[in-house]
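Chemist: First the structure, then my questions, so here it is.
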Amino acid sequence: MASMSWAFLAAAIVCEVGGTTSMKLSEGFSRPWPSLLILVCYATSFGFLTLALRSIQLGLAYAVWAGVGTALTVAVGVAFFKEPMDLAKAVSVGLIIAGVVGLKFSQGH
C-alpha cells in the first residue's frame, strides 16, 4: 500500500504542475480550455493527494507535493516559457529540495 501511496503522490504532483501551467496558459482566465484545465488538474491533484495520505504522513506528503511541484513548475517556466534561471533561483530550488529530503529522512521511513 505504501508504494501505491507514493505513486498517488507522484500523480498528484504531475496534476498540480499541469494546473499551475494551465494558469499561465489561461492568460487570466481569458482562454477557456486552459481555464477549464486549471480546475480539472487541481481537482485531480487533490484527489490523488488524498489517496496518498492513506499511508504517508500529512506533513511529509504536503512538503513533497508542494516542494517537488514548485521545483518542477520552475523547470517548466524555464523550459517552456523562457523564464530566466540564475544562480539565486537555482540555489533556492535546491534548498527547497534539500528541505523536502531532510523532512523525509526525519520521518523515519
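As shown in the C-alpha cells, the chain order sets the letters A, B, ...; within each chain, residues go from 1, and ligands are also counted from 1 in the order they appear.
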Applying 12 Å and only C-alpha atoms, which residues near Ile13 of chain A remain after dropping the ones on its own chain fewer than 2 positions away? List them as an MDAnalysis selection string.
Modeler: chainID A and resid 6:11 15:20 41:49 52 61:73
Chemist: Limited to N, CA and C atoms, could you put the picked residues into a file as a compact mmCIF listing (two decimals), in the first residue's frame?
Modeler:
```
# COMPACT_ATOMS: atom_id res chain seq x y z
N TRP A 6 2.86 6.43 -2.73
CA TRP A 6 3.89 7.26 -3.37
C TRP A 6 3.56 7.47 -4.85
N ALA A 7 2.97 6.46 -5.49
CA ALA A 7 2.55 6.63 -6.89
C ALA A 7 1.41 7.65 -6.97
N PHE A 8 0.48 7.59 -6.01
CA PHE A 8 -0.59 8.58 -5.96
C PHE A 8 -0.02 9.98 -5.74
N LEU A 9 0.99 10.08 -4.88
CA LEU A 9 1.60 11.38 -4.63
C LEU A 9 2.29 11.91 -5.88
N ALA A 10 2.98 11.04 -6.60
CA ALA A 10 3.62 11.46 -7.86
C ALA A 10 2.57 11.95 -8.86
N ALA A 11 1.46 11.24 -8.95
CA ALA A 11 0.39 11.66 -9.86
C ALA A 11 -0.19 13.00 -9.41
N CYS A 15 -0.26 16.43 -11.72
CA CYS A 15 -1.50 17.16 -11.95
C CYS A 15 -1.41 18.60 -11.44
N GLU A 16 -0.74 18.78 -10.30
CA GLU A 16 -0.59 20.12 -9.75
C GLU A 16 0.24 21.00 -10.67
N VAL A 17 1.31 20.44 -11.22
CA VAL A 17 2.14 21.19 -12.17
C VAL A 17 1.34 21.50 -13.43
N GLY A 18 0.53 20.55 -13.87
CA GLY A 18 -0.35 20.80 -15.02
C GLY A 18 -1.33 21.92 -14.74
N GLY A 19 -1.89 21.95 -13.54
CA GLY A 19 -2.82 23.02 -13.18
C GLY A 19 -2.15 24.38 -13.13
N THR A 20 -0.96 24.41 -12.56
CA THR A 20 -0.24 25.68 -12.47
C THR A 20 0.19 26.16 -13.85
N CYS A 41 -7.23 19.80 -13.36
CA CYS A 41 -5.92 19.37 -12.84
C CYS A 41 -5.84 19.48 -11.33
N TYR A 42 -6.32 20.59 -10.78
CA TYR A 42 -6.26 20.75 -9.32
C TYR A 42 -7.20 19.79 -8.60
N ALA A 43 -8.39 19.57 -9.13
CA ALA A 43 -9.30 18.61 -8.51
C ALA A 43 -8.69 17.22 -8.52
N THR A 44 -8.09 16.85 -9.64
CA THR A 44 -7.45 15.54 -9.75
C THR A 44 -6.25 15.46 -8.82
N SER A 45 -5.48 16.53 -8.74
CA SER A 45 -4.33 16.56 -7.85
C SER A 45 -4.75 16.35 -6.40
N PHE A 46 -5.76 17.07 -5.96
CA PHE A 46 -6.22 16.92 -4.58
C PHE A 46 -6.77 15.52 -4.33
N GLY A 47 -7.42 14.95 -5.33
CA GLY A 47 -7.91 13.58 -5.20
C GLY A 47 -6.76 12.60 -4.99
N PHE A 48 -5.73 12.71 -5.82
CA PHE A 48 -4.57 11.83 -5.66
C PHE A 48 -3.84 12.09 -4.35
N LEU A 49 -3.74 13.35 -3.95
CA LEU A 49 -3.08 13.68 -2.69
C LEU A 49 -3.85 13.05 -1.52
N ALA A 52 -2.96 9.47 -1.36
CA ALA A 52 -1.60 9.28 -0.86
C ALA A 52 -1.56 9.37 0.66
N ALA A 61 3.81 14.32 3.11
CA ALA A 61 3.12 14.31 1.81
C ALA A 61 2.96 15.73 1.27
N TYR A 62 2.55 16.64 2.14
CA TYR A 62 2.34 18.01 1.68
C TYR A 62 3.66 18.67 1.30
N ALA A 63 4.70 18.42 2.07
CA ALA A 63 6.02 19.00 1.76
C ALA A 63 6.53 18.49 0.42
N VAL A 64 6.38 17.20 0.17
CA VAL A 64 6.82 16.64 -1.11
C VAL A 64 5.97 17.20 -2.24
N TRP A 65 4.66 17.23 -2.05
CA TRP A 65 3.75 17.75 -3.08
C TRP A 65 4.09 19.20 -3.42
N ALA A 66 4.23 20.02 -2.41
CA ALA A 66 4.49 21.44 -2.64
C ALA A 66 5.91 21.68 -3.13
N GLY A 67 6.89 21.03 -2.52
CA GLY A 67 8.29 21.26 -2.87
C GLY A 67 8.66 20.75 -4.25
N VAL A 68 8.30 19.51 -4.52
CA VAL A 68 8.61 18.96 -5.85
C VAL A 68 7.77 19.66 -6.91
N GLY A 69 6.53 19.97 -6.57
CA GLY A 69 5.70 20.73 -7.51
C GLY A 69 6.29 22.09 -7.83
N THR A 70 6.82 22.75 -6.82
CA THR A 70 7.46 24.05 -7.04
C THR A 70 8.69 23.91 -7.94
N ALA A 71 9.53 22.93 -7.64
CA ALA A 71 10.74 22.72 -8.45
C ALA A 71 10.39 22.40 -9.90
N LEU A 72 9.41 21.53 -10.10
CA LEU A 72 9.01 21.19 -11.47
C LEU A 72 8.36 22.38 -12.18
N THR A 73 7.61 23.18 -11.45
CA THR A 73 7.00 24.36 -12.05
C THR A 73 8.06 25.36 -12.49
```
Chemist: Using DSSP on the backbone coordinates, identify the residues of chain A assigned to alpha helix (DSSP H); present them as an MDAnalysis selection string.
Modeler: chainID A and resid 2:26 32:52 58:81 87:106
Chemist: Can you tell me which residues surround Leu36 of chain A at a distance of at most 10 Å, considering only C-alpha atoms, apart from same-chain residues fewer than 4 positions away, and format the answer as a PyMOL selection string?
Modeler: chain A and resi 19+22-23+26+29+31-32+40-41
Chemist: The selected residues should be written to file as a PDB file, in the first residue's frame (atoms: N, CA and C atoms).
Modeler:
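Below is the file result.pdb, written as the result:
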```pdb
ATOM      1  N   GLY A  19      -1.892  21.954 -13.541  1.00  0.00           N
ATOM      2  CA  GLY A  19      -2.822  23.019 -13.183  1.00  0.00           C
ATOM      3  C   GLY A  19      -2.154  24.380 -13.128  1.00  0.00           C
ATOM      4  N   SER A  22      -1.373  25.506 -16.560  1.00  0.00           N
ATOM      5  CA  SER A  22      -2.610  25.960 -17.201  1.00  0.00           C
ATOM      6  C   SER A  22      -2.982  27.369 -16.772  1.00  0.00           C
ATOM      7  N   MET A  23      -2.616  27.742 -15.536  1.00  0.00           N
ATOM      8  CA  MET A  23      -2.866  29.127 -15.103  1.00  0.00           C
ATOM      9  C   MET A  23      -2.158  30.104 -16.030  1.00  0.00           C
ATOM     10  N   SER A  26      -3.827  30.166 -19.405  1.00  0.00           N
ATOM     11  CA  SER A  26      -5.193  30.705 -19.445  1.00  0.00           C
ATOM     12  C   SER A  26      -5.225  32.211 -19.686  1.00  0.00           C
ATOM     13  N   PHE A  29      -7.631  33.707 -17.179  1.00  0.00           N
ATOM     14  CA  PHE A  29      -8.944  33.098 -17.429  1.00  0.00           C
ATOM     15  C   PHE A  29      -9.593  33.590 -18.712  1.00  0.00           C
ATOM     16  N   ARG A  31      -8.769  32.438 -21.732  1.00  0.00           N
ATOM     17  CA  ARG A  31      -8.797  31.317 -22.674  1.00  0.00           C
ATOM     18  C   ARG A  31      -9.529  30.153 -22.010  1.00  0.00           C
ATOM     19  N   PRO A  32     -10.641  29.685 -22.617  1.00  0.00           N
ATOM     20  CA  PRO A  32     -11.497  28.723 -21.921  1.00  0.00           C
ATOM     21  C   PRO A  32     -10.873  27.358 -21.643  1.00  0.00           C
ATOM     22  N   VAL A  40      -9.744  21.072 -13.546  1.00  0.00           N
ATOM     23  CA  VAL A  40      -9.624  19.617 -13.672  1.00  0.00           C
ATOM     24  C   VAL A  40      -8.317  19.126 -13.045  1.00  0.00           C
ATOM     25  N   CYS A  41      -7.233  19.799 -13.361  1.00  0.00           N
ATOM     26  CA  CYS A  41      -5.921  19.367 -12.844  1.00  0.00           C
ATOM     27  C   CYS A  41      -5.845  19.484 -11.332  1.00  0.00           C
TER      28      CYS A  41
END
```
